[in-house]
Amino acid sequence: MKKDQLLANIEDLCLPIVENELKYELYHIEYVKENNEYYLRLYIDKPNERISLKDCETVSRRISEMLDEKDPIKDAYYLEVSSPGLNRKLYKDSHFSRYIENEIYIGFTKTIENKKNIKGILKEVNEDNIVVEIEGNNFSVPKCKIKTANLEGEI
């Protein structure tokens with residue numbers, strides 16, 4: 001099974017538990033191989049609240065039970081549940097939209113106007129672009145050119 005399909009299947013299994021049953025937001029899921037070990041990482045969030053270790057433990061226990069029962073991943077892996085953190089990565093339009101008027105960092109896949117990255121105030125998200133204000137000027141970044149995007153500092 002391809003990684004994208006695996007992640008979609010895992011999201012379908014986890015979403016009802018994390019969001020409907022436990023009342024957290026399933027912020028992001030990743031399945032990675034590091035040092036010859038596989039890791040399934042779930043990032044959870046709560047609007048206007050910080051995620052505690054107890055929150056992560058609650059989600060981890062419940063998801064682990066379900067994964068043991070459904071067994072969607074054939075490889076041996078470690079399950080990790082975490083907060084996306086203060087300098088969280090922004091993956092989806094909903095993430096960008098939530099942090100309009102906050103400072104973000106964007107790294108590019110290729111140089112844009114002689115820049116490899118920018119830091120500024122997120123102003124707009126539309127279908128094709130992210131608009132960031134830098135020193136009073138708006139800089140439009142095509143989404144297809146974004147390698148990484150992170151929130152900067154306190155929210």
# chains A, B, ... in the order shown; residues from 1 in each chain; ligands from 1

call {"tool": "select_by_dssp", "arguments": {"residues": "region 13-81 of chain A", "states": "strand (DSSP E or B)", "output": "VMD selection string"}}
result
chain A and resid 25 to 34 37 to 46 49 77 to 81

call {"tool": "write_last_selection", "arguments": {"atoms": "N, CA and C atoms", "output": "CSV table (one decimal), in the first residue's frame"}}
result
chain,number,residue,atom,x,y,z
A,25,GLU,N,-8.5,18.1,18.2
A,25,GLU,CA,-8.3,18.3,16.7
A,25,GLU,C,-7.2,17.4,16.3
A,26,LEU,N,-7.4,16.6,15.3
A,26,LEU,CA,-6.3,15.8,14.7
A,26,LEU,C,-5.6,16.7,13.7
A,27,TYR,N,-4.5,17.3,14.2
A,27,TYR,CA,-3.8,18.4,13.5
A,27,TYR,C,-3.0,17.8,12.3
A,28,HIS,N,-2.3,16.7,12.5
A,28,HIS,CA,-1.5,16.2,11.4
A,28,HIS,C,-1.1,14.7,11.8
A,29,ILE,N,-0.9,13.9,10.7
A,29,ILE,CA,-0.4,12.5,10.9
A,29,ILE,C,0.8,12.4,10.0
A,30,GLU,N,1.8,11.7,10.5
A,30,GLU,CA,2.9,11.3,9.6
A,30,GLU,C,3.4,9.9,10.0
A,31,TYR,N,3.9,9.2,8.9
A,31,TYR,CA,4.5,7.9,9.1
A,31,TYR,C,5.8,8.0,8.5
A,32,VAL,N,6.9,7.8,9.3
A,32,VAL,CA,8.2,8.0,8.8
A,32,VAL,C,9.1,6.9,9.3
A,33,LYS,N,10.2,6.7,8.6
A,33,LYS,CA,11.3,5.8,8.9
A,33,LYS,C,12.5,6.6,9.4
A,34,GLU,N,13.0,6.4,10.6
A,34,GLU,CA,14.1,7.1,11.1
A,34,GLU,C,15.0,6.0,11.8
A,37,GLU,N,13.8,2.5,12.0
A,37,GLU,CA,12.6,2.3,12.8
A,37,GLU,C,11.5,3.1,12.2
A,38,TYR,N,10.2,2.5,12.2
A,38,TYR,CA,9.1,3.3,11.7
A,38,TYR,C,8.4,4.0,12.9
A,39,TYR,N,7.8,5.2,12.6
A,39,TYR,CA,7.1,5.9,13.6
A,39,TYR,C,5.8,6.5,13.0
A,40,LEU,N,4.7,6.2,13.7
A,40,LEU,CA,3.4,6.8,13.4
A,40,LEU,C,3.2,7.9,14.4
A,41,ARG,N,3.2,9.2,13.9
A,41,ARG,CA,3.1,10.3,14.7
A,41,ARG,C,1.7,11.0,14.5
A,42,LEU,N,1.0,11.2,15.6
A,42,LEU,CA,-0.2,12.0,15.5
A,42,LEU,C,0.0,13.3,16.3
A,43,TYR,N,-0.4,14.4,15.7
A,43,TYR,CA,-0.3,15.7,16.3
A,43,TYR,C,-1.7,16.1,16.7
A,44,ILE,N,-1.9,16.4,17.9
A,44,ILE,CA,-3.3,16.8,18.3
A,44,ILE,C,-3.3,18.2,18.8
A,45,ASP,N,-4.4,18.9,18.8
A,45,ASP,CA,-4.5,20.3,19.2
A,45,ASP,C,-5.9,20.5,19.9
A,46,LYS,N,-6.0,21.6,20.6
A,46,LYS,CA,-7.3,22.0,21.2
A,46,LYS,C,-7.4,23.5,21.0
A,49,GLU,N,-6.4,26.1,24.0
A,49,GLU,CA,-5.8,25.4,25.1
A,49,GLU,C,-4.5,24.8,24.7
A,77,TYR,N,6.1,-0.6,14.4
A,77,TYR,CA,6.3,0.8,14.4
A,77,TYR,C,6.1,1.3,15.9
A,78,TYR,N,6.5,2.5,16.1
A,78,TYR,CA,6.2,3.2,17.4
A,78,TYR,C,5.1,4.2,17.2
A,79,LEU,N,4.2,4.3,18.1
A,79,LEU,CA,3.1,5.3,18.0
A,79,LEU,C,3.6,6.5,18.9
A,80,GLU,N,3.6,7.7,18.4
A,80,GLU,CA,3.9,8.9,19.2
A,80,GLU,C,2.7,9.8,19.0
A,81,VAL,N,2.2,10.4,20.1
A,81,VAL,CA,1.2,11.4,20.1
A,81,VAL,C,1.8,12.7,20.7

call {"tool": "residues_around", "arguments": {"residues": "region 104-114 of chain A", "least_positions_apart": "5", "cutoff": "9 Å", "atoms": "only C-alpha atoms", "output": "ChimeraX atom specification"}}
result
/A:87,99,119-122,132,141,144-153

call {"tool": "write_last_selection", "arguments": {"atoms": "N, CA and C atoms", "output": "JSON list (two decimals), in the first residue's frame"}}
result
[["chain", "number", "residue", "atom", "x", "y", "z"],
["A", 87, "ASN", "N", 6.04, 26.56, 17.46],
["A", 87, "ASN", "CA", 6.50, 26.87, 16.11],
["A", 87, "ASN", "C", 6.01, 25.78, 15.14],
["A", 99, "TYR", "N", -4.08, 31.20, 11.37],
["A", 99, "TYR", "CA", -2.99, 32.04, 11.88],
["A", 99, "TYR", "C", -2.76, 33.32, 11.08],
["A", 119, "LYS", "N", 10.23, 35.59, 6.27],
["A", 119, "LYS", "CA", 9.54, 35.64, 7.54],
["A", 119, "LYS", "C", 8.75, 36.93, 7.55],
["A", 120, "GLY", "N", 7.47, 36.82, 7.90],
["A", 120, "GLY", "CA", 6.63, 38.01, 7.94],
["A", 120, "GLY", "C", 5.27, 37.68, 8.52],
["A", 121, "ILE", "N", 4.36, 38.63, 8.38],
["A", 121, "ILE", "CA", 3.00, 38.48, 8.92],
["A", 121, "ILE", "C", 2.10, 37.87, 7.85],
["A", 122, "LEU", "N", 1.48, 36.76, 8.18],
["A", 122, "LEU", "CA", 0.55, 36.09, 7.26],
["A", 122, "LEU", "C", -0.69, 36.97, 7.09],
["A", 132, "VAL", "N", 2.18, 37.15, 2.46],
["A", 132, "VAL", "CA", 2.90, 37.50, 3.68],
["A", 132, "VAL", "C", 3.35, 38.95, 3.58],
["A", 141, "VAL", "N", 3.27, 34.12, -2.29],
["A", 141, "VAL", "CA", 4.01, 32.88, -2.47],
["A", 141, "VAL", "C", 3.08, 31.81, -3.04],
["A", 144, "CYS", "N", 2.55, 25.92, -4.41],
["A", 144, "CYS", "CA", 3.38, 24.85, -4.99],
["A", 144, "CYS", "C", 4.87, 25.07, -4.75],
["A", 145, "LYS", "N", 5.26, 26.29, -4.35],
["A", 145, "LYS", "CA", 6.68, 26.61, -4.11],
["A", 145, "LYS", "C", 7.06, 26.53, -2.62],
["A", 146, "ILE", "N", 6.08, 26.18, -1.76],
["A", 146, "ILE", "CA", 6.35, 26.12, -0.33],
["A", 146, "ILE", "C", 6.93, 24.76, 0.04],
["A", 147, "LYS", "N", 8.12, 24.77, 0.58],
["A", 147, "LYS", "CA", 8.76, 23.56, 1.06],
["A", 147, "LYS", "C", 8.36, 23.30, 2.51],
["A", 148, "THR", "N", 8.39, 24.37, 3.32],
["A", 148, "THR", "CA", 8.02, 24.28, 4.72],
["A", 148, "THR", "C", 7.44, 25.62, 5.17],
["A", 149, "ALA", "N", 6.51, 25.55, 6.08],
["A", 149, "ALA", "CA", 5.91, 26.77, 6.66],
["A", 149, "ALA", "C", 5.69, 26.52, 8.14],
["A", 150, "ASN", "N", 6.16, 27.47, 8.96],
["A", 150, "ASN", "CA", 6.04, 27.34, 10.40],
["A", 150, "ASN", "C", 5.52, 28.63, 11.02],
["A", 151, "LEU", "N", 4.76, 28.47, 12.05],
["A", 151, "LEU", "CA", 4.35, 29.60, 12.87],
["A", 151, "LEU", "C", 5.57, 30.03, 13.67],
["A", 152, "GLU", "N", 5.73, 31.31, 13.87],
["A", 152, "GLU", "CA", 6.87, 31.83, 14.62],
["A", 152, "GLU", "C", 6.39, 32.41, 15.95],
["A", 153, "GLY", "N", 6.93, 31.94, 17.05],
["A", 153, "GLY", "CA", 6.66, 32.53, 18.36],
["A", 153, "GLY", "C", 5.29, 32.22, 18.92]]

call {"tool": "residues_around", "arguments": {"residues": "Ser52 (chain A)", "least_positions_apart": "6", "cutoff": "10 Å", "atoms": "only C-alpha atoms", "output": "PyMOL selection string"}}
result
chain A and resi 45+58+82-83

call {"tool": "residues_around", "arguments": {"residues": "Ile130 (chain A)", "least_positions_apart": "2", "cutoff": "8 Å", "atoms": "only C-alpha atoms", "output": "tab-separated table (two decimals) with N, CA, C and O atoms, in the first residue's frame"}}
result
chain	number	residue	atom	x	y	z
A	122	LEU	N	1.48	36.76	8.18
A	122	LEU	CA	0.55	36.09	7.26
A	122	LEU	C	-0.69	36.97	7.09
A	122	LEU	O	-1.34	37.33	8.06
A	123	LYS	N	-0.99	37.32	5.85
A	123	LYS	CA	-2.09	38.23	5.56
A	123	LYS	C	-3.27	37.56	4.87
A	123	LYS	O	-4.41	37.96	5.08
A	124	GLU	N	-2.98	36.58	4.03
A	124	GLU	CA	-4.06	36.02	3.22
A	124	GLU	C	-3.71	34.61	2.77
A	124	GLU	O	-2.55	34.28	2.56
A	125	VAL	N	-4.76	33.81	2.62
A	125	VAL	CA	-4.63	32.46	2.06
A	125	VAL	C	-5.70	32.35	0.99
A	125	VAL	O	-6.87	32.64	1.25
A	126	ASN	N	-5.31	31.99	-0.21
A	126	ASN	CA	-6.31	31.75	-1.24
A	126	ASN	C	-6.00	30.42	-1.93
A	126	ASN	O	-5.12	29.69	-1.49
A	128	ASP	N	-4.45	29.48	-4.54
A	128	ASP	CA	-3.14	29.21	-5.12
A	128	ASP	C	-1.96	29.80	-4.35
A	128	ASP	O	-0.83	29.37	-4.56
A	132	VAL	N	2.18	37.15	2.46
A	132	VAL	CA	2.90	37.50	3.68
A	132	VAL	C	3.35	38.95	3.58
A	132	VAL	O	3.89	39.37	2.54
A	140	SER	N	3.60	37.57	-2.32
A	140	SER	CA	2.73	36.45	-2.65
A	140	SER	C	3.57	35.21	-2.96
A	140	SER	O	4.47	35.27	-3.79
A	141	VAL	N	3.27	34.12	-2.29
A	141	VAL	CA	4.01	32.88	-2.47
A	141	VAL	C	3.08	31.81	-3.04
A	141	VAL	O	2.08	31.46	-2.41
A	142	PRO	N	3.39	31.29	-4.22
A	142	PRO	CA	2.59	30.18	-4.75
A	142	PRO	C	2.71	28.97	-3.82
A	142	PRO	O	3.81	28.60	-3.41
A	143	LYS	N	1.58	28.36	-3.50
A	143	LYS	CA	1.60	27.20	-2.59
A	143	LYS	C	2.50	26.09	-3.10
A	143	LYS	O	3.15	25.41	-2.31
